[in-house]
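Colleague: Here you go, start.txt (compact mmCIF, C-alpha atoms):
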# COMPACT_ATOMS: atom_id res chain seq x y z
CA MET W 1 103.28 99.23 -39.29
CA LYS W 2 105.80 100.81 -41.65
CA THR W 3 106.57 103.28 -38.88
CA VAL W 4 107.01 100.40 -36.42
CA ILE W 5 109.52 98.69 -38.70
CA GLU W 6 111.45 101.92 -39.30
CA LEU W 7 111.71 102.54 -35.56
CA LEU W 8 112.75 98.93 -34.87
CA LYS W 9 115.53 99.17 -37.44
CA ALA W 10 116.66 102.53 -36.00
CA ASN W 11 117.13 101.14 -32.47
CA PRO W 12 120.71 99.74 -32.22
CA LYS W 13 119.78 97.45 -29.32
CA VAL W 14 117.16 95.60 -31.39
CA SER W 15 118.81 92.54 -32.92
CA GLY W 16 115.63 91.25 -34.56
CA TYR W 17 111.87 91.54 -34.60
CA LYS W 18 108.69 89.65 -35.48
CA ILE W 19 105.27 91.12 -36.20
CA ASN W 20 102.05 89.06 -35.98
CA ILE W 21 98.90 90.60 -37.46
CA HIS W 22 95.55 88.85 -36.95
CA ASN W 23 92.48 90.22 -38.70
CA LYS W 24 89.25 88.47 -37.66
CA GLU W 25 85.93 89.01 -39.43
CA SER W 26 82.90 87.38 -37.87
CA TYR W 27 79.19 86.93 -38.58
CA GLU W 28 77.13 85.87 -35.55
CA LEU W 29 73.54 84.77 -34.89
CA PHE W 30 71.93 84.59 -31.43
CA PHE W 31 68.72 82.59 -30.91
CA VAL W 32 66.65 82.40 -27.73
CA LYS W 33 64.00 79.64 -27.59
CA GLY W 34 64.16 79.29 -31.36
CA LYS W 35 63.71 82.99 -32.10
CA LEU W 36 66.49 84.98 -33.75
CA GLU W 37 67.19 87.84 -31.34
CA THR W 38 70.47 89.36 -32.56
CA VAL W 39 72.68 89.45 -35.65
CA ARG W 40 76.17 90.82 -35.11
CA CYS W 41 79.14 91.44 -37.39
CA THR W 42 82.63 92.23 -36.10
CA ASP W 43 85.93 93.14 -37.72
CA THR W 44 88.95 93.29 -35.40
CA CYS W 45 92.68 93.43 -35.96
CA ASP W 46 95.39 92.59 -33.40
CA LYS W 47 98.99 93.62 -34.07
CA GLU W 48 101.67 92.16 -31.79
CA VAL W 49 105.34 93.08 -32.04
CA THR W 50 108.07 90.85 -30.61
CA VAL W 51 111.42 92.51 -30.01
CA TYR W 52 114.59 90.41 -29.77
CA ALA W 53 117.76 91.61 -28.05
CA ASP W 54 120.97 89.56 -28.21
CA HIS W 55 123.31 89.99 -25.26
CA GLY W 56 126.38 87.82 -24.98
CA GLU W 57 125.38 84.21 -25.60
CA TYR W 58 121.73 84.92 -24.83
CA LYS W 59 118.69 86.06 -26.81
CA GLY W 60 115.88 87.79 -24.95
CA ASP W 61 112.46 88.78 -26.23
CA ALA W 62 109.51 90.90 -25.18
CA GLN W 63 106.16 91.76 -26.76
CA PHE W 64 103.81 94.71 -27.06
CA PHE W 65 100.61 95.48 -28.99
CA VAL W 66 100.12 98.30 -31.49
CA TYR W 67 96.79 100.11 -31.84
CA PRO W 68 95.53 102.61 -34.43
CA SER W 69 95.81 105.34 -31.79
CA THR W 70 99.46 104.55 -30.95
CA THR W 71 101.68 107.48 -31.95
CA ALA W 72 105.25 107.38 -33.24
CA GLU W 73 106.49 108.73 -29.91
CA GLN W 74 104.63 106.02 -28.03
CA LEU W 75 106.03 103.39 -30.40
CA SER W 76 109.60 104.51 -29.69
CA GLN W 77 108.90 104.25 -25.96
CA LEU W 78 107.28 100.81 -26.32
CA ILE W 79 110.26 99.54 -28.28
CA ALA W 80 112.72 100.91 -25.72
CA GLU W 81 110.78 99.30 -22.86
CA ALA W 82 110.60 95.99 -24.73
CA VAL W 83 114.39 96.07 -25.29
CA ASP W 84 114.98 96.66 -21.57
CA LYS W 85 112.77 93.68 -20.73
CA ALA W 86 114.40 91.48 -23.39
CA LEU W 87 117.88 92.23 -22.00
CA LEU W 88 116.76 90.62 -18.73
CA ILE W 89 115.80 87.36 -20.48
CA GLU W 90 118.61 84.81 -20.75
CA ASN W 91 117.35 82.34 -23.32
CA GLN W 92 119.88 80.28 -25.21
CA GLY W 93 120.55 81.85 -28.61
CA TYR W 94 118.74 80.72 -31.75
CA THR W 95 118.03 81.95 -35.28
CA LEU W 96 114.69 83.25 -36.50
CA PRO W 97 113.25 81.60 -39.62
CA GLY W 98 113.62 83.74 -42.71
CA GLY W 99 113.43 84.16 -46.45
CA GLU W 100 109.99 82.68 -47.11
CA THR W 101 107.16 84.79 -48.49
CA GLY W 102 103.71 84.05 -49.89
CA GLU W 103 99.96 84.10 -49.48
CA PHE W 104 98.06 80.92 -48.59
CA THR W 105 94.51 79.71 -47.93
CA VAL W 106 93.57 76.75 -45.73
CA GLU W 107 91.08 74.52 -47.56
CA SER W 108 87.44 75.17 -46.61
CA ASN W 109 84.13 75.31 -48.47
CA PHE W 110 83.03 78.27 -46.33
CA SER W 111 84.36 80.60 -49.02
CA ASP W 112 81.66 79.26 -51.37
CA TYR W 113 78.94 81.00 -49.36
CA ALA W 114 78.05 84.52 -48.30
CA PRO W 115 78.33 84.70 -44.47
CA ALA W 116 74.61 85.41 -43.96
CA ASP W 117 73.60 82.47 -46.18
CA LEU W 118 76.05 80.08 -44.51
CA ALA W 119 74.94 81.08 -41.01
CA ALA W 120 71.28 80.54 -41.96
CA ILE W 121 72.05 77.08 -43.39
CA ILE W 122 73.91 76.09 -40.22
CA ALA W 123 71.17 77.39 -37.92
CA LYS W 124 68.46 75.52 -39.83
CA ALA W 125 70.44 72.27 -39.67
CA VAL W 126 70.88 72.67 -35.91
CA PHE W 127 67.17 73.17 -35.20
CA ASP W 128 66.10 70.46 -37.65
CA ALA W 129 68.33 67.94 -35.87
CA ASN W 130 66.11 67.86 -32.78
CA GLU W 131 63.69 64.94 -32.99
CA VAL W 132 63.45 64.17 -29.28
CA GLU W 133 60.04 64.68 -27.67
CA HIS W 134 60.04 67.16 -24.76
CA ALA W 135 63.54 68.35 -25.74
CA SER W 136 64.37 71.78 -27.10
CA LEU W 137 67.28 74.05 -27.84
CA ASN W 138 66.89 76.75 -25.26
CA SER W 139 69.70 78.85 -26.68
CA VAL W 140 71.67 78.62 -29.91
CA GLU W 141 74.54 80.84 -31.06
CA VAL W 142 76.27 80.54 -34.44
CA PHE W 143 79.68 82.11 -35.05
CA LEU W 144 81.38 82.26 -38.46
CA ASN W 145 84.96 83.49 -38.53
CA LYS W 146 87.41 84.43 -41.25
CA HIS W 147 90.99 84.81 -40.03
CA THR W 148 93.65 86.61 -42.04
CA GLU W 149 97.01 86.12 -40.34
CA THR W 150 100.32 87.70 -41.32
CA VAL W 151 103.78 87.01 -39.93
CA LEU W 152 106.82 89.06 -40.93
CA ASN W 153 110.23 89.37 -39.34
CA SER W 154 113.65 90.99 -39.59
CA ARG W 155 115.04 88.13 -41.69
CA GLY W 156 112.78 88.77 -44.68
CA LEU W 157 109.97 86.36 -43.80
CA ASN W 158 106.57 87.67 -44.88
CA LYS W 159 103.60 85.28 -45.03
CA THR W 160 99.84 85.63 -44.98
CA GLN W 161 97.22 82.90 -44.59
CA VAL W 162 93.43 82.85 -44.62
CA ARG W 163 91.61 80.38 -42.38
CA TYR W 164 87.89 79.81 -41.71
CA ASP W 165 86.08 78.28 -38.77
CA ALA W 166 82.61 78.07 -37.27
CA MET W 167 81.28 77.39 -33.81
CA VAL W 168 77.82 76.40 -32.67
CA GLU W 169 77.04 76.91 -29.00
CA ALA W 170 73.78 75.43 -27.79
CA ILE W 171 71.89 74.66 -24.59
CA PRO W 172 69.90 71.45 -25.19
CA THR W 173 67.11 71.17 -22.63
CA TYR W 174 64.88 68.25 -21.64
CA ASN W 175 61.65 69.12 -19.82
CA GLY W 176 60.58 66.17 -17.71
CA GLU W 177 57.67 65.78 -15.35
CA LYS W 178 59.75 66.55 -12.26
CA GLN W 179 62.50 68.80 -13.51
CA SER W 180 64.32 70.22 -16.51
CA VAL W 181 67.86 69.19 -17.42
CA GLU W 182 70.29 71.22 -19.51
CA LEU W 183 73.58 70.34 -21.19
CA TYR W 184 76.13 72.54 -22.89
CA GLU W 185 77.21 71.87 -26.47
CA GLN W 186 80.07 73.50 -28.34
CA TYR W 187 80.71 72.20 -31.84
CA ASN W 188 83.62 73.58 -33.86
CA PHE W 189 84.20 72.89 -37.55
CA ALA W 190 86.03 74.41 -40.51
CA SER W 191 84.16 72.84 -43.41
CA LEU W 192 80.42 72.52 -43.94
CA ASP W 193 79.19 68.94 -43.60
CA LEU W 194 75.47 69.09 -42.89
CA ASP W 195 75.16 65.38 -42.11
CA ALA W 196 77.93 65.58 -39.51
CA LEU W 197 76.40 68.73 -38.01
CA ARG W 198 72.92 67.21 -37.73
CA ARG W 199 74.38 64.01 -36.26
CA GLU W 200 76.31 65.96 -33.63
CA ILE W 201 73.26 67.94 -32.49
CA ALA W 202 70.94 64.92 -32.64
CA GLU W 203 73.32 62.96 -30.40
CA LYS W 204 73.40 65.81 -27.91
CA MET W 205 69.59 65.93 -27.83
CA GLU W 206 69.50 62.20 -27.09
CA GLN W 207 72.11 62.75 -24.38
CA VAL W 208 70.14 65.46 -22.59
CA LYS W 209 67.18 63.08 -22.40
CA ALA W 210 69.48 60.32 -21.17
CA ARG W 211 70.91 62.68 -18.54
CA TYR W 212 67.36 63.22 -17.24
CA GLU W 213 66.77 59.46 -17.10
CA ALA W 214 70.23 58.50 -15.79
CA VAL W 215 70.48 56.61 -12.51
CA LYS W 216 73.32 55.79 -10.18
CA PRO W 217 73.74 52.05 -10.71
CA GLY W 218 73.10 49.85 -7.71
CA PHE W 219 74.79 46.89 -9.33
CA PRO W 220 78.43 46.01 -10.09
CA MET W 221 79.70 46.70 -13.61
CA ASP W 222 82.59 44.46 -14.51
CA CYS W 223 83.02 45.14 -18.22
CA VAL W 224 85.07 46.98 -20.79
CA CYS W 225 84.78 50.74 -21.26
CA VAL W 226 84.28 52.59 -24.54
CA LEU W 227 85.71 56.09 -24.87
CA ASN W 228 84.62 58.62 -27.49
CA LYS W 229 86.41 61.27 -29.55
CA GLN W 230 86.82 63.98 -26.91
CA GLU W 231 88.54 61.69 -24.40
CA LEU W 232 90.59 60.03 -27.15
CA GLY W 233 91.85 63.43 -28.23
CA GLU W 234 92.99 64.02 -24.64
CA LEU W 235 94.60 60.58 -24.34
CA PHE W 236 96.63 60.71 -27.55
CA GLY W 237 97.28 64.41 -27.09
CA ASN W 238 99.11 63.57 -23.87
CA ILE W 239 101.37 61.21 -25.79
CA ALA W 240 102.06 63.85 -28.43
CA ARG W 241 102.86 66.56 -25.87
CA ASN W 242 105.32 64.16 -24.25
CA LEU W 243 107.27 64.12 -27.52
CA ASN W 244 107.28 67.88 -28.12
CA TYR W 245 110.67 69.59 -28.39
CA SER W 246 109.87 71.93 -25.49
CA THR W 247 108.99 68.98 -23.23
CA VAL W 248 112.15 67.13 -24.21
CA TYR W 249 114.30 70.25 -23.70
CA ALA W 250 112.85 70.69 -20.20
CA HIS W 251 113.65 67.00 -19.43
CA SER W 252 110.02 66.43 -18.48
CA ASN W 253 109.31 63.82 -21.16
CA LEU W 254 108.75 60.22 -20.15
CA PHE W 255 109.37 58.68 -23.58
CA GLN W 256 112.58 58.83 -25.55
CA LYS W 257 112.84 58.52 -29.30
CA GLY W 258 113.01 54.82 -30.17
CA GLU W 259 111.31 53.74 -26.94
CA ALA W 260 108.17 51.61 -26.85
CA ILE W 261 105.05 53.32 -25.52
CA GLN W 262 103.16 50.02 -25.68
CA LYS W 263 105.60 47.69 -23.93
CA ALA W 264 103.84 44.39 -24.64
CA PRO W 265 101.02 45.22 -27.08
CA ALA W 266 98.09 42.82 -27.17
CA GLY W 267 95.60 45.14 -28.87
CA ASP W 268 95.86 47.65 -31.73
CA LEU W 269 99.24 49.27 -32.27
CA ILE W 270 99.18 53.04 -31.82
CA GLY W 271 100.28 55.25 -34.71
CA ILE W 272 100.36 59.06 -34.49
CA THR W 273 101.25 61.66 -37.11
CA MET W 274 101.47 65.37 -36.37
CA THR W 275 100.51 67.59 -39.28
CA GLY W 276 99.62 71.15 -40.22
CA GLU W 277 96.26 70.46 -41.82
CA VAL W 278 93.33 68.08 -41.44
CA LYS W 279 90.20 68.64 -43.51
CA GLY W 280 87.47 70.08 -41.31
CA SER W 281 89.75 70.85 -38.36
CA VAL W 282 89.57 74.36 -36.93
CA ARG W 283 93.26 74.14 -36.03
CA SER W 284 94.53 73.61 -39.56
CA ALA W 285 97.17 76.12 -40.66
CA LYS W 286 99.77 76.64 -43.37
CA PHE W 287 102.31 78.09 -40.94
CA ASP W 288 102.70 78.72 -37.21
CA SER W 289 103.11 81.95 -35.23
CA ASP W 290 106.84 82.04 -36.09
CA GLY W 291 106.06 81.73 -39.79
CA MET W 292 107.41 78.16 -40.01
CA SER W 293 105.80 76.21 -42.87
CA LEU W 294 103.88 73.21 -41.54
CA GLY W 295 104.17 69.75 -43.03
CA SER W 296 103.81 66.34 -41.36
CA ILE W 297 105.97 64.08 -39.24
CA ARG W 298 105.40 60.54 -37.99
CA LEU W 299 105.54 60.66 -34.21
CA VAL W 300 104.55 57.16 -33.10
CA GLU W 301 104.84 54.06 -35.27
CA GLY W 302 103.73 50.60 -34.18
CA GLY W 303 103.44 51.70 -30.57
CA LYS W 304 106.97 53.18 -30.48
CA ALA W 305 108.12 56.81 -30.34
CA VAL W 306 110.05 57.44 -33.54
CA ASN W 307 110.36 61.26 -33.64
CA TYR W 308 110.04 64.48 -31.73
CA TYR W 309 108.40 67.62 -33.11
CA GLY W 310 108.00 71.26 -32.24
CA ALA W 311 108.70 74.93 -32.70
CA ASN W 312 111.73 76.57 -34.28
CA ARG W 313 113.45 77.66 -31.07
CA TYR W 314 113.38 74.34 -29.23
CA GLY W 315 114.19 72.35 -32.35
CA GLN W 316 117.42 74.33 -32.66
CA TYR W 317 118.20 73.83 -28.99
CA LEU W 318 117.97 70.04 -29.45
CA GLY W 319 119.83 70.00 -32.75
CA GLU W 320 116.69 68.69 -34.46
CA ALA W 321 115.10 70.01 -37.65
CA PRO W 322 112.29 72.36 -36.55
CA THR W 323 108.90 71.11 -37.73
CA GLY W 324 106.97 74.13 -36.52
CA SER W 325 104.16 73.96 -33.97
CA LEU W 326 102.08 71.33 -35.74
CA PRO W 327 98.47 71.81 -34.57
CA CYS W 328 96.73 68.68 -35.87
CA MET W 329 97.08 65.05 -34.82
CA LEU W 330 96.29 62.05 -37.03
CA VAL W 331 95.80 58.78 -35.15
CA ASP W 332 95.70 55.50 -37.06
CA ALA W 333 92.33 53.75 -37.20
CA GLY W 334 91.91 50.23 -35.92
CA THR W 335 89.58 47.43 -36.93
CA ALA W 336 87.25 47.20 -33.93
CA GLY W 337 83.49 47.56 -33.93
CA MET W 338 81.35 47.91 -30.83
CA PRO W 339 82.03 45.14 -28.30
CA GLU W 340 79.70 42.22 -27.81
CA GLY W 341 78.14 41.55 -24.46
CA ALA W 342 78.27 44.01 -21.57
CA TYR W 343 80.12 47.32 -21.89
CA LEU W 344 80.04 50.86 -20.55
CA GLU W 345 80.10 53.64 -23.18
CA VAL W 346 81.33 56.87 -21.63
CA VAL W 347 79.50 59.89 -23.04
CA SER W 348 80.60 62.74 -20.79
CA MET W 349 83.35 63.11 -18.19
CA SER W 350 84.44 65.90 -15.89
CA GLY W 351 87.79 65.48 -17.63
CA LEU W 352 89.89 62.47 -18.51
CA GLN W 353 92.96 62.25 -16.28
CA VAL W 354 96.04 60.80 -17.98
CA ASP W 355 99.19 60.49 -15.83
CA PHE W 356 102.09 58.57 -17.35
CA TYR W 357 104.33 59.09 -14.33
CA ASN W 358 101.86 57.53 -11.91
CA ASP W 359 100.60 55.01 -14.48
CA TYR W 360 97.01 56.19 -14.15
CA ILE W 361 94.03 56.84 -16.40
CA GLY W 362 90.52 57.63 -15.20
CA GLY W 363 88.10 60.25 -14.00
CA GLU W 364 84.54 61.05 -12.97
CA VAL W 365 81.82 60.01 -15.42
CA ARG W 366 78.87 62.37 -15.68
CA LEU W 367 76.92 60.33 -18.22
CA ALA W 368 77.40 56.88 -19.70
CA TYR W 369 75.36 54.15 -21.36
CA TYR W 370 75.55 50.73 -19.73
CA HIS W 371 74.81 47.96 -22.23
CA ASP W 372 74.21 44.62 -20.50
CA GLY W 373 73.84 42.70 -23.74
CA THR W 374 70.07 43.08 -24.02
CA LYS W 375 69.13 46.59 -22.88
CA THR W 376 70.77 50.00 -22.43
CA THR W 377 70.61 52.05 -19.20
CA PRO W 378 71.84 55.65 -18.86
CA VAL W 379 73.98 55.91 -15.72
CA THR W 380 75.69 58.69 -13.79
CA GLY W 381 77.60 59.21 -10.54
CA ILE W 382 80.35 56.71 -11.30
CA SER W 383 84.09 56.81 -11.91
CA ILE W 384 86.54 54.77 -13.96
CA SER W 385 90.23 54.10 -13.34
CA GLY W 386 93.00 51.84 -14.51
CA LYS W 387 96.71 51.39 -14.98
CA LEU W 388 97.63 53.37 -18.07
CA ARG W 389 100.28 50.89 -19.22
CA ASP W 390 97.82 47.98 -19.17
CA VAL W 391 95.12 50.04 -20.89
CA LEU W 392 97.42 51.13 -23.73
CA GLU W 393 98.75 47.62 -24.27
CA HIS W 394 95.24 46.23 -24.75
CA ILE W 395 93.50 49.19 -26.39
CA ARG W 396 91.30 48.46 -29.43
CA LEU W 397 90.52 51.28 -31.84
CA SER W 398 87.49 51.67 -34.07
CA ALA W 399 87.69 51.52 -37.85
CA GLN W 400 85.37 54.52 -38.08
CA THR W 401 87.17 57.87 -37.78
CA THR W 402 86.14 61.41 -36.89
CA VAL W 403 87.51 64.94 -36.52
CA TYR W 404 87.30 66.76 -33.19
CA GLY W 405 89.28 69.96 -32.66
CA GLY W 406 92.85 69.14 -33.61
CA TYR W 407 92.22 65.38 -33.35
CA SER W 408 91.52 63.15 -36.33
CA GLY W 409 91.34 59.44 -35.66
CA PRO W 410 89.23 56.58 -34.32
CA GLU W 411 85.78 57.66 -33.22
CA LYS W 412 85.80 55.18 -30.35
CA ALA W 413 88.21 52.98 -28.41
CA ILE W 414 87.57 49.89 -26.30
CA LEU W 415 89.48 49.91 -23.00
CA SER W 416 89.87 46.78 -20.93
CA HIS W 417 91.62 46.54 -17.53
CA MET W 418 89.47 49.39 -16.21
CA LYS W 419 87.66 49.46 -12.87
CA ILE W 420 84.17 50.97 -12.65
CA PHE W 421 82.98 52.12 -9.26
For this file, write the structure as structure tokens.

Modeller:
Amino acid sequence: MKTVIELLKANPKVSGYKINIHNKESYELFFVKGKLETVRCTDTCDKEVTVYADHGEYKGDAQFFVYPSTTAEQLSQLIAEAVDKALLIENQGYTLPGGETGEFTVESNFSDYAPADLAAIIAKAVFDANEVEHASLNSVEVFLNKHTETVLNSRGLNKTQVRYDAMVEAIPTYNGEKQSVELYEQYNFASLDLDALRREIAEKMEQVKARYEAVKPGFPMDCVCVLNKQELGELFGNIARNLNYSTVYAHSNLFQKGEAIQKAPAGDLIGITMTGEVKGSVRSAKFDSDGMSLGSIRLVEGGKAVNYYGANRYGQYLGEAPTGSLPCMLVDAGTAGMPEGAYLEVVSMSGLQVDFYNDYIGGEVRLAYYHDGTKTTPVTGISISGKLRDVLEHIRLSAQTTVYGGYSGPEKAILSHMKIF
């Protein structure tokens, strides 16, 4: 990489550069029908160089990867080709971040364990979580990852961070009298919480049994809907993306700063904070791919958009202070518990559709629990839909919170004004 930097500095057409180095060390276990079949360790390193070329009022950029086999002659050619490409790009000018240096570690208790020990603990917890008769974990894969990421650029920025994450992939299977049913489970986490892990797998085992027993309801369901963490992450993530600098710069945002998202709120007021780190989130980071330090910013307060957020380049374009590409979203908890009377709890969807422009929320439901007030029936083959504005105005959020991907917030939400068909 020293050679790369020397060659970048020697090329008069290069006005700036950025180098991203990602070293990933993994420890992996592969189980088939409960038997450990394979243990694999990997150690990979990706090195990406971004070349910037200023021309007139514009700044162009182009990227290439560097490999251990890349020679100095090849590097010179790659740089020259990247410059030629960058000179064709007419982005508005902006300044790269600079001056900051340091080494950082994202909080995780993974570092307290040897990889082999941690993987064994996780695998045992996964298999122990199954208490459903006739259900099994047909396939289980455990991945432990340690990421060491470095960003350095032509303005003196040089930062390194260490992050950890784990992923469990599993195929829960229920063997009934007539057929077998399988589901797919992917659980990502960045801090070891055995109770949360067991609960996640146990719920999935119950769900695969419910999927086997699920029926297409032959009766009308006129009741509220309950969404869970995955769909809530998608719902509130759509609001956050609407307030990103890049969206605002492209004039594709629906909400303006200071505008009410909940026009006439009759339920819980929505509050969203974008931040760099959330304990247990696999997306937590100290800085983004540009090397921008990540803090927090309040995005939605009391149902109103109060700020925008986003990467260095688009923040400068808008004349806003760049926040960096904040990866984690904190959503305020509410006070609701589970509803009384009849309700439909959505467990799995083909994908929640959220369309602010057409005022729509809905999608196909693959598995849900219908509670009629006395008994619970697993159902499938239905869809839900509603006017997004009405749903947001009356939404009720649970007091209990959870972490899912980059989402941290209410575990459940009660949605009224939804049609079930």

Colleague: Have a look at W:Ile261, W:Ala240, W:Ile384, W:Val39 and name the one nearest to Gly406 (chain W); count only C-alpha atoms.

Modeller: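 That would be W:Ala240, the residue with the smallest distance to Gly406 (chain W).
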
Colleague: Here is a test: counting only C-alpha atoms, which residue of W:Val140, W:Ala305, W:Leu318, W:Leu299 is nearest to Val32 (chain W)?

Modeller: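 Closest to Val32 (chain W), using only C-alpha atoms: W:Val140.
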
Colleague: To one decimal place in Å, what is the distance between CA of Ala116 (chain W) and CA of Glu182 (chain W)?

Modeller: 28.6 Å

Colleague: Using only C-alpha atoms, find the one residue out of W:Pro339, W:Pro220, W:Gly280, W:Gly334 that sits nearest to Gly267 (chain W).

Modeller: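 Checking each of W:Pro339, W:Pro220, W:Gly280, W:Gly334 against Gly267 (chain W), counting only C-alpha atoms, the winner is W:Gly334.
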
Colleague: Compile the contact shell of Glu131 (chain W) as JSON, numbers by chain: residues with an atom at most 9 Å away, counting all atoms listed in the file, same-chain residues fewer than 3 positions apart removed.

Modeller: {"W": [128, 135, 202, 205, 206]}

Colleague: Taking (98.4, 73.8, -35.1) in the coordinates of the supplied file, I want to know which residues reach to within 9 Å of it, counting all atoms listed in the file; could you give the answer as a count of residues only?

Modeller: 17

Colleague: So that I can see what lies close to region 142-151 of chain W, please list as a PyMOL selection string the residues with an atom at most 9 Å from it, counting only C-alpha atoms and leaving out residues fewer than 3 positions away in the same chain.

Modeller: chain W and resi 18-31+103+110+115+118-119+122-123+157-170+288-291

Colleague: To one decimal in Å, tell me the separation between CA of Gly302 (chain W) and CA of Asn358 (chain W).

Modeller: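 Between CA of Gly302 (chain W) and CA of Asn358 (chain W) the gap works out to 23.4 Å.
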
Colleague: Can you list, as a list in words, every protein, DNA or RNA residue that comes within 7 Å of region 86-88 of chain W when you count all atoms listed in the file, leaving out same-chain residues fewer than 5 positions away?

Modeller: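 The contact residues come out as Tyr52, Ala53, His55, Gly60, Asp61 and Ala62 of chain W.
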
Colleague: Which protein, DNA or RNA residues are at most 12 Å from (112.2, 59.2, -26.1) in the file's coordinates when you count only C-alpha atoms, listed as a PyMOL selection string?

Modeller: chain W and resi 239-245+247-249+251-261+299-300+304-309

Colleague: For those residues, write C-alpha atoms to a file as a tab-separated table (two decimals), in the frame of the given file.

Modeller:
chain	number	residue	atom	x	y	z
W	239	ILE	CA	101.37	61.21	-25.79
W	240	ALA	CA	102.06	63.85	-28.43
W	241	ARG	CA	102.86	66.56	-25.87
W	242	ASN	CA	105.32	64.16	-24.25
W	243	LEU	CA	107.27	64.12	-27.52
W	244	ASN	CA	107.28	67.88	-28.12
W	245	TYR	CA	110.67	69.59	-28.39
W	247	THR	CA	108.99	68.98	-23.23
W	248	VAL	CA	112.15	67.13	-24.21
W	249	TYR	CA	114.30	70.25	-23.70
W	251	HIS	CA	113.65	67.00	-19.43
W	252	SER	CA	110.02	66.43	-18.48
W	253	ASN	CA	109.31	63.82	-21.16
W	254	LEU	CA	108.75	60.22	-20.15
W	255	PHE	CA	109.37	58.68	-23.58
W	256	GLN	CA	112.58	58.83	-25.55
W	257	LYS	CA	112.84	58.52	-29.30
W	258	GLY	CA	113.01	54.82	-30.17
W	259	GLU	CA	111.31	53.74	-26.94
W	260	ALA	CA	108.17	51.61	-26.85
W	261	ILE	CA	105.05	53.32	-25.52
W	299	LEU	CA	105.54	60.66	-34.21
W	300	VAL	CA	104.55	57.16	-33.10
W	304	LYS	CA	106.97	53.18	-30.48
W	305	ALA	CA	108.12	56.81	-30.34
W	306	VAL	CA	110.05	57.44	-33.54
W	307	ASN	CA	110.36	61.26	-33.64
W	308	TYR	CA	110.04	64.48	-31.73
W	309	TYR	CA	108.40	67.62	-33.11

Colleague: Of the candidates W:Met418, W:Glu73, W:Ile89, W:Val346, which shows the shortest atom-to-atom distance to Thr3 (chain W), using only C-alpha atoms?

Modeller: W:Glu73

Colleague: Excluding Ser154 (chain W) and any residue of its chain fewer than 2 positions from it, enumerate the residues within 12 Å of it, using all atoms listed in the file, and give them as a VMD selection string.

Modeller: chain W and resid 4 to 6 8 to 9 14 to 19 49 to 52 95 to 100 151 to 152 156 to 158 290 to 291

Colleague: Quick one: of W:Leu197, W:Ala266, W:Leu352, W:Pro12, who's nearest to Ala129 (chain W), counting only C-alpha atoms?

Modeller: W:Leu197

Colleague: Once 4 Å is added on each side, what are the centre and the three edge lengths, in Å to one decimal, of the axis-aligned box enclosing the listed atoms of region 367-375 of chain W? Present them as JSON.

Modeller:
{"center_x": 73.3, "center_y": 51.5, "center_z": -21.1, "size_x": 16.3, "size_y": 25.6, "size_z": 13.8}

Colleague: Could you jot down the CA of Val132 (chain W) to CA of Asp195 (chain W) separation for me, Å, one decimal place?

Modeller: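 Here the two named atoms are 17.4 Å from each other.
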
Colleague: Since fewer atoms than expected are present, regenerate N, CA and C atoms for region 88-98 of chain W and write them as a PDB file, in the coordinates of the input.

Modeller:
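Output (rebuild-v5.pdb):
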ATOM      1  N   LEU W  88     116.802  91.351 -20.004  1.00  0.00           N
ATOM      2  CA  LEU W  88     116.760  90.620 -18.730  1.00  0.00           C
ATOM      3  C   LEU W  88     116.505  89.123 -18.942  1.00  0.00           C
ATOM      4  N   ILE W  89     116.127  88.760 -20.164  1.00  0.00           N
ATOM      5  CA  ILE W  89     115.800  87.360 -20.480  1.00  0.00           C
ATOM      6  C   ILE W  89     117.059  86.659 -20.978  1.00  0.00           C
ATOM      7  N   GLU W  90     117.393  85.529 -20.381  1.00  0.00           N
ATOM      8  CA  GLU W  90     118.610  84.810 -20.750  1.00  0.00           C
ATOM      9  C   GLU W  90     118.268  83.464 -21.391  1.00  0.00           C
ATOM     10  N   ASN W  91     117.609  83.551 -22.540  1.00  0.00           N
ATOM     11  CA  ASN W  91     117.350  82.340 -23.320  1.00  0.00           C
ATOM     12  C   ASN W  91     118.582  82.005 -24.151  1.00  0.00           C
ATOM     13  N   GLN W  92     118.802  80.716 -24.330  1.00  0.00           N
ATOM     14  CA  GLN W  92     119.880  80.280 -25.210  1.00  0.00           C
ATOM     15  C   GLN W  92     119.643  80.846 -26.612  1.00  0.00           C
ATOM     16  N   GLY W  93     120.697  81.235 -27.299  1.00  0.00           N
ATOM     17  CA  GLY W  93     120.550  81.850 -28.610  1.00  0.00           C
ATOM     18  C   GLY W  93     119.980  80.911 -29.657  1.00  0.00           C
ATOM     19  N   TYR W  94     119.291  81.476 -30.627  1.00  0.00           N
ATOM     20  CA  TYR W  94     118.740  80.720 -31.750  1.00  0.00           C
ATOM     21  C   TYR W  94     118.498  81.680 -32.901  1.00  0.00           C
ATOM     22  N   THR W  95     118.214  81.146 -34.086  1.00  0.00           N
ATOM     23  CA  THR W  95     118.030  81.950 -35.280  1.00  0.00           C
ATOM     24  C   THR W  95     116.568  81.973 -35.684  1.00  0.00           C
ATOM     25  N   LEU W  96     116.060  83.139 -36.019  1.00  0.00           N
ATOM     26  CA  LEU W  96     114.690  83.250 -36.500  1.00  0.00           C
ATOM     27  C   LEU W  96     114.584  82.655 -37.899  1.00  0.00           C
ATOM     28  N   PRO W  97     113.437  82.057 -38.243  1.00  0.00           N
ATOM     29  CA  PRO W  97     113.250  81.600 -39.620  1.00  0.00           C
ATOM     30  C   PRO W  97     113.231  82.801 -40.557  1.00  0.00           C
ATOM     31  N   GLY W  98     113.591  82.601 -41.798  1.00  0.00           N
ATOM     32  CA  GLY W  98     113.620  83.740 -42.710  1.00  0.00           C
ATOM     33  C   GLY W  98     113.536  83.335 -44.162  1.00  0.00           C
TER      34      GLY W  98
END
